[in-house]
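Below is start.pdb, holding PDB, C-alpha atoms.
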ATOM      1  CA  MET A 501      46.144  76.812 120.777
ATOM      2  CA  TYR A 502      49.783  77.788 121.250
ATOM      3  CA  GLU A 503      49.106  79.902 124.342
ATOM      4  CA  ASN A 504      47.655  77.016 126.354
ATOM      5  CA  GLY A 505      49.102  74.036 124.500
ATOM      6  CA  ASN A 506      45.774  72.824 123.119
ATOM      7  CA  GLY A 507      46.737  70.058 120.685
ATOM      8  CA  VAL A 508      50.255  71.499 120.265
ATOM      9  CA  LEU A 509      53.184  72.266 122.505
ATOM     10  CA  THR A 510      52.801  75.522 124.428
ATOM     11  CA  ASP A 511      54.679  78.222 122.562
ATOM     12  CA  LYS A 512      54.078  81.794 123.744
ATOM     13  CA  LYS A 513      55.999  83.298 120.838
ATOM     14  CA  GLN A 514      53.822  81.446 118.330
ATOM     15  CA  ALA A 515      50.730  82.484 120.286
ATOM     16  CA  PHE A 516      51.901  86.092 120.117
ATOM     17  CA  TYR A 517      52.546  85.794 116.375
ATOM     18  CA  TRP A 518      49.041  84.463 115.643
ATOM     19  CA  TYR A 519      47.278  86.830 118.023
ATOM     20  CA  LYS A 520      49.041  89.735 116.335
ATOM     21  CA  LYS A 521      47.980  88.570 112.873
ATOM     22  CA  SER A 522      44.384  88.278 114.046
ATOM     23  CA  ALA A 523      44.512  91.554 116.019
ATOM     24  CA  GLU A 524      45.777  93.446 112.991
ATOM     25  CA  GLN A 525      42.707  92.162 111.128
ATOM     26  CA  GLY A 526      40.459  93.697 113.790
ATOM     27  CA  ASP A 527      39.586  90.745 116.044
ATOM     28  CA  ALA A 528      38.687  92.257 119.462
ATOM     29  CA  GLN A 529      39.509  89.095 121.461
ATOM     30  CA  ALA A 530      42.912  88.817 119.780
ATOM     31  CA  GLN A 531      43.578  92.517 120.424
ATOM     32  CA  PHE A 532      42.781  91.972 124.093
ATOM     33  CA  ASN A 533      44.957  88.830 124.252
ATOM     34  CA  LEU A 534      47.821  90.699 122.607
ATOM     35  CA  GLY A 535      47.494  93.529 125.125
ATOM     36  CA  PHE A 536      47.502  90.999 127.943
ATOM     37  CA  MET A 537      50.658  89.373 126.571
ATOM     38  CA  TYR A 538      52.363  92.784 126.493
ATOM     39  CA  VAL A 539      51.286  93.448 130.096
ATOM     40  CA  ASN A 540      52.687  90.132 131.320
ATOM     41  CA  GLY A 541      55.681  89.772 129.013
ATOM     42  CA  ASP A 542      54.228  86.531 127.672
ATOM     43  CA  GLY A 543      56.030  85.601 124.444
ATOM     44  CA  VAL A 544      57.174  89.198 124.076
ATOM     45  CA  LEU A 545      58.982  91.811 126.164
ATOM     46  CA  THR A 546      56.753  93.646 128.635
ATOM     47  CA  ASP A 547      55.588  96.881 127.020
ATOM     48  CA  PRO A 548      52.807  98.827 128.822
ATOM     49  CA  LYS A 549      52.430 101.294 125.941
ATOM     50  CA  GLN A 550      51.820  98.488 123.437
ATOM     51  CA  ALA A 551      49.462  96.834 125.923
ATOM     52  CA  PHE A 552      47.539 100.094 126.191
ATOM     53  CA  TYR A 553      47.440 100.431 122.403
ATOM     54  CA  TRP A 554      45.949  96.954 121.909
ATOM     55  CA  PHE A 555      43.533  97.224 124.815
ATOM     56  CA  LYS A 556      42.317 100.528 123.364
ATOM     57  CA  LYS A 557      41.782  98.908 119.946
ATOM     58  CA  SER A 558      39.733  96.177 121.614
ATOM     59  CA  THR A 559      37.695  98.681 123.674
ATOM     60  CA  GLU A 560      36.753 100.521 120.497
ATOM     61  CA  GLN A 561      34.822  97.383 119.604
ATOM     62  CA  GLY A 562      33.101  97.268 122.994
ATOM     63  CA  PHE A 563      35.125  94.398 124.485
ATOM     64  CA  ALA A 564      34.257  94.553 128.222
ATOM     65  CA  GLU A 565      37.382  92.875 129.589
ATOM     66  CA  ALA A 566      39.617  95.244 127.610
ATOM     67  CA  GLN A 567      37.613  98.203 128.924
ATOM     68  CA  ASN A 568      38.315  96.971 132.451
ATOM     69  CA  TYR A 569      42.048  96.664 131.745
ATOM     70  CA  LEU A 570      42.116 100.131 130.220
ATOM     71  CA  GLY A 571      40.503 101.343 133.445
ATOM     72  CA  ILE A 572      43.238  99.631 135.451
ATOM     73  CA  MET A 573      45.967 101.157 133.303
ATOM     74  CA  TYR A 574      44.524 104.660 133.710
ATOM     75  CA  TYR A 575      44.018 104.056 137.431
ATOM     76  CA  ILE A 576      47.603 103.010 138.150
ATOM     77  CA  GLY A 577      49.318 104.944 135.362
ATOM     78  CA  ASP A 578      50.723 101.932 133.541
ATOM     79  CA  GLY A 579      51.583 102.776 129.927
ATOM     80  CA  VAL A 580      49.647 106.016 130.235
ATOM     81  CA  LEU A 581      49.453 108.936 132.672
ATOM     82  CA  THR A 582      47.315 108.290 135.743
ATOM     83  CA  ASP A 583      43.829 109.638 135.112
ATOM     84  CA  LYS A 584      41.122 108.640 137.598
ATOM     85  CA  LYS A 585      38.344 110.159 135.460
ATOM     86  CA  GLN A 586      39.366 108.020 132.493
ATOM     87  CA  ALA A 587      39.715 105.009 134.794
ATOM     88  CA  PHE A 588      36.185 105.629 136.042
ATOM     89  CA  TYR A 589      34.890 106.043 132.479
ATOM     90  CA  TRP A 590      36.348 102.727 131.295
ATOM     91  CA  TYR A 591      35.400 100.819 134.431
ATOM     92  CA  LYS A 592      31.829 102.054 133.999
ATOM     93  CA  LYS A 593      31.695 101.008 130.326
ATOM     94  CA  SER A 594      32.884  97.532 131.320
ATOM     95  CA  ALA A 595      30.658  97.329 134.421
ATOM     96  CA  GLU A 596      27.577  98.234 132.411
ATOM     97  CA  GLN A 597      28.300  95.186 130.239
ATOM     98  CA  GLY A 598      28.338  93.010 133.353
ATOM     99  CA  PHE A 599      32.079  92.568 133.945
ATOM    100  CA  ALA A 600      32.376  91.753 137.681
ATOM    101  CA  GLY A 601      35.923  93.100 138.151
ATOM    102  CA  ALA A 602      34.914  96.492 136.775
ATOM    103  CA  GLN A 603      31.783  96.517 138.929
ATOM    104  CA  CYS A 604      33.951  95.958 142.004
ATOM    105  CA  ALA A 605      36.387  98.684 140.892
ATOM    106  CA  LEU A 606      33.510 101.158 140.446
ATOM    107  CA  GLY A 607      32.225 100.223 143.889
ATOM    108  CA  LEU A 608      35.645 100.933 145.371
ATOM    109  CA  MET A 609      35.922 104.289 143.603
ATOM    110  CA  TYR A 610      32.487 105.368 144.830
ATOM    111  CA  ASP A 611      33.124 103.961 148.308
ATOM    112  CA  ASN A 612      36.404 105.829 148.751
ATOM    113  CA  GLY A 613      35.663 108.969 146.734
ATOM    114  CA  ASP A 614      38.566 108.056 144.496
ATOM    115  CA  GLY A 615      38.288 109.998 141.238
ATOM    116  CA  VAL A 616      34.575 110.534 141.855
ATOM    117  CA  LEU A 617      32.476 111.971 144.676
ATOM    118  CA  THR A 618      31.910 109.524 147.528
ATOM    119  CA  ASP A 619      28.522 107.871 147.092
ATOM    120  CA  LYS A 620      27.873 104.901 149.377
ATOM    121  CA  LYS A 621      24.598 103.994 147.651
ATOM    122  CA  GLN A 622      26.334 103.774 144.268
ATOM    123  CA  ALA A 623      29.181 101.841 145.900
ATOM    124  CA  PHE A 624      26.634  99.401 147.304
ATOM    125  CA  TYR A 625      24.872  99.119 143.932
ATOM    126  CA  TRP A 626      28.052  98.178 142.055
ATOM    127  CA  TYR A 627      29.369  95.910 144.803
ATOM    128  CA  LYS A 628      26.073  94.015 144.752
ATOM    129  CA  LYS A 629      26.241  93.560 140.976
ATOM    130  CA  SER A 630      29.735  92.091 141.321
ATOM    131  CA  ALA A 631      28.874  89.972 144.378
ATOM    132  CA  GLU A 632      25.900  88.435 142.582
ATOM    133  CA  GLN A 633      28.348  87.101 139.993
ATOM    134  CA  GLY A 634      30.308  85.236 142.663
ATOM    135  CA  ASP A 635      33.238  87.590 143.323
ATOM    136  CA  ALA A 636      34.331  86.539 146.836
ATOM    137  CA  LYS A 637      36.090  89.806 147.706
ATOM    138  CA  THR A 638      33.051  91.858 146.748
ATOM    139  CA  GLN A 639      30.738  89.488 148.601
ATOM    140  CA  CYS A 640      32.750  90.149 151.760
ATOM    141  CA  ILE A 641      32.626  93.920 151.224
ATOM    142  CA  LEU A 642      28.865  93.715 150.681
ATOM    143  CA  GLY A 643      28.471  91.686 153.874
ATOM    144  CA  PHE A 644      30.459  94.293 155.762
ATOM    145  CA  MET A 645      28.247  97.087 154.373
ATOM    146  CA  TYR A 646      25.130  95.223 155.525
ATOM    147  CA  ALA A 647      26.660  94.584 158.955
ATOM    148  CA  LYS A 648      27.637  98.231 159.451
ATOM    149  CA  GLY A 649      24.733  99.898 157.650
ATOM    150  CA  ASP A 650      27.191 101.533 155.274
ATOM    151  CA  GLY A 651      25.302 102.690 152.178
ATOM    152  CA  VAL A 652      22.371 100.421 153.040
ATOM    153  CA  LEU A 653      20.187  99.732 156.070
ATOM    154  CA  THR A 654      21.818  97.430 158.621
ATOM    155  CA  ASP A 655      20.710  93.859 157.984
ATOM    156  CA  LYS A 656      22.559  91.142 159.899
ATOM    157  CA  LYS A 657      20.838  88.332 157.956
ATOM    158  CA  GLN A 658      22.070  89.773 154.664
ATOM    159  CA  ALA A 659      25.495  90.357 156.226
ATOM    160  CA  ALA A 660      25.626  86.699 157.290
ATOM    161  CA  TYR A 661      24.441  85.534 153.862
ATOM    162  CA  TRP A 662      27.117  87.462 151.927
ATOM    163  CA  ILE A 663      29.966  86.752 154.348
ATOM    164  CA  LYS A 664      29.146  83.040 154.232
ATOM    165  CA  LYS A 665      29.063  83.138 150.394
ATOM    166  CA  SER A 666      32.406  84.924 150.396
ATOM    167  CA  TYR A 667      33.990  82.291 152.618
ATOM    168  CA  GLU A 668      32.459  79.468 150.545
ATOM    169  CA  ASN A 669      33.970  81.093 147.445
ATOM    170  CA  GLY A 670      37.444  80.962 148.950
ATOM    171  CA  LEU A 671      38.039  84.244 150.799
ATOM    172  CA  GLN A 672      39.640  83.167 154.065
ATOM    173  CA  ASP A 673      39.350  86.668 155.619
ATOM    174  CA  ALA A 674      35.562  86.272 155.567
ATOM    175  CA  LYS A 675      35.808  83.621 158.312
ATOM    176  CA  GLU A 676      37.468  86.144 160.632
ATOM    177  CA  PHE A 677      34.694  88.662 159.975
ATOM    178  CA  TRP A 678      32.070  85.919 160.467
ATOM    179  CA  ASP A 679      33.518  85.090 163.888
ATOM    180  CA  LYS A 680      34.196  88.676 165.004
ATOM    181  CA  TYR A 681      30.621  89.805 164.353
ATOM    182  CA  GLU A 682      29.081  86.464 165.456
ATOM    183  CA  LEU A 683      27.179  86.220 162.205
ATOM    184  CA  TRP A 684      26.347  82.549 162.819
ATOM    185  CA  LYS A 685      23.558  83.916 165.059
ATOM    186  CA  TYR A 686      21.711  85.189 162.007
TER     187      TYR A 686
END
Take the structure in the file and give it back as structure tokens.
Amino acid sequence: MYENGNGVLTDKKQAFYWYKKSAEQGDAQAQFNLGFMYVNGDGVLTDPKQAFYWFKKSTEQGFAEAQNYLGIMYYIGDGVLTDKKQAFYWYKKSAEQGFAGAQCALGLMYDNGDGVLTDKKQAFYWYKKSAEQGDAKTQCILGFMYAKGDGVLTDKKQAAYWIKKSYENGLQDAKEFWDKYELWKY
């Protein structure tokens, strides 16, 4: 209520207070929200270590979005030492629960051999999972993979389909790719 001003005036400090009360009682969503507030300095001073602590508490209950954020924190070394293996582990836990952002992150790690051996087929698999949920960036990447035969057989119709979806979902760069590779022909 206080975070978004639903029925009351927006008050980030009050939101923080109530999220903390709920988080301390074990509510996974509140633990995630508290971590997010610490990341962004919303109603509280920015504190990556506290954010990590609360995200970790939430992940222990299987909260997919918190698992993704823990992956991000391990990946970039925010509040914790950089650890690509831990980042991969948490992204995978989140991705397996269907969280599109984590699926994209796993795709990128496999695609670039970042913290894991390069595996274009696995990259394609995770990108497709994310793209099917409407992630415009991942739809564009998937279209590019189809156009270039990167991790999948070349398929210009599929490339055109995914690039068009990406553009329709708001990724302006997809239009440039559409024009450059003359995908309107397919």
Report as a Markdown table: every residue of segment 571-590 of chain A with an atom at most 8 Å from segment 615-619 of chain A, its closest pair of atoms, and their distance in Å to one decimal, counting only C-alpha atoms, with rows sorted by chain and ascending residue number.
| residue | atom | partner | partner_atom | distance |
| --- | --- | --- | --- | --- |
| A:Lys584 | CA | A:Gly615 | CA | 4.8 |
| A:Lys585 | CA | A:Gly615 | CA | 5.8 |
| A:Phe588 | CA | A:Gly615 | CA | 7.1 |
Can you list what the PyMOL selection byres ((chain A and resi 659) around 7) grabs from this structure, as a PDB file with C-alpha atoms, in the coordinates of the input?
ATOM      1  CA  GLY A 643      28.471  91.686 153.874  1.00  0.00           C
ATOM      2  CA  PHE A 644      30.459  94.293 155.762  1.00  0.00           C
ATOM      3  CA  TYR A 646      25.130  95.223 155.525  1.00  0.00           C
ATOM      4  CA  ALA A 647      26.660  94.584 158.955  1.00  0.00           C
ATOM      5  CA  ASP A 655      20.710  93.859 157.984  1.00  0.00           C
ATOM      6  CA  LYS A 656      22.559  91.142 159.899  1.00  0.00           C
ATOM      7  CA  LYS A 657      20.838  88.332 157.956  1.00  0.00           C
ATOM      8  CA  GLN A 658      22.070  89.773 154.664  1.00  0.00           C
ATOM      9  CA  ALA A 660      25.626  86.699 157.290  1.00  0.00           C
ATOM     10  CA  TYR A 661      24.441  85.534 153.862  1.00  0.00           C
ATOM     11  CA  TRP A 662      27.117  87.462 151.927  1.00  0.00           C
ATOM     12  CA  ILE A 663      29.966  86.752 154.348  1.00  0.00           C
TER      13      ILE A 663
END
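Compared by their closest atoms to Met645 of chain A, and using all atoms listed in the file, the residues A:Gly670, A:Gly607, A:Pro548, A:Gly543 rank with A:Gly607 nearest.
Counting only C-alpha atoms, the residue from A:Ser666, A:Ser630, A:Gln531, A:Gln550 that sits nearest to Ala602 of chain A is A:Ser630.
Interatomic distance, atom CA of Ala528 of chain A to atom CA of Phe563 of chain A: 6.5 Å.
Compared by their closest atoms to Val580 of chain A, and using only C-alpha atoms, the residues A:Asp679, A:Lys556, A:Gly649, A:Gly526 rank with A:Lys556 nearest.
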I'd like the residues picked by the PyMOL selection byres ((chain A and resi 590) around 7) written out as a compact mmCIF listing (two decimals) with C-alpha atoms, in the coordinates of the input, using the chain letters and numbers from the file.
# COMPACT_ATOMS: atom_id res chain seq x y z
CA GLN A 567 37.61 98.20 128.92
CA ASN A 568 38.32 96.97 132.45
CA LEU A 570 42.12 100.13 130.22
CA GLY A 571 40.50 101.34 133.44
CA GLN A 586 39.37 108.02 132.49
CA ALA A 587 39.72 105.01 134.79
CA PHE A 588 36.18 105.63 136.04
CA TYR A 589 34.89 106.04 132.48
CA TYR A 591 35.40 100.82 134.43
CA LYS A 592 31.83 102.05 134.00
CA LYS A 593 31.70 101.01 130.33
CA SER A 594 32.88 97.53 131.32
Item to complete: Spell out the residues picked by the PyMOL selection byres ((chain A and resi 534-539) around 8) here, as JSON, numbers by chain.
Response: {"A": [516, 519, 520, 523, 530, 531, 532, 533, 540, 541, 542, 543, 544, 545, 546, 547, 548, 550, 551, 552, 553, 554, 555]}
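Pairwise distance (atom CA of Lys549 of chain A, atom CA of Tyr569 of chain A) equals 12.8 Å.
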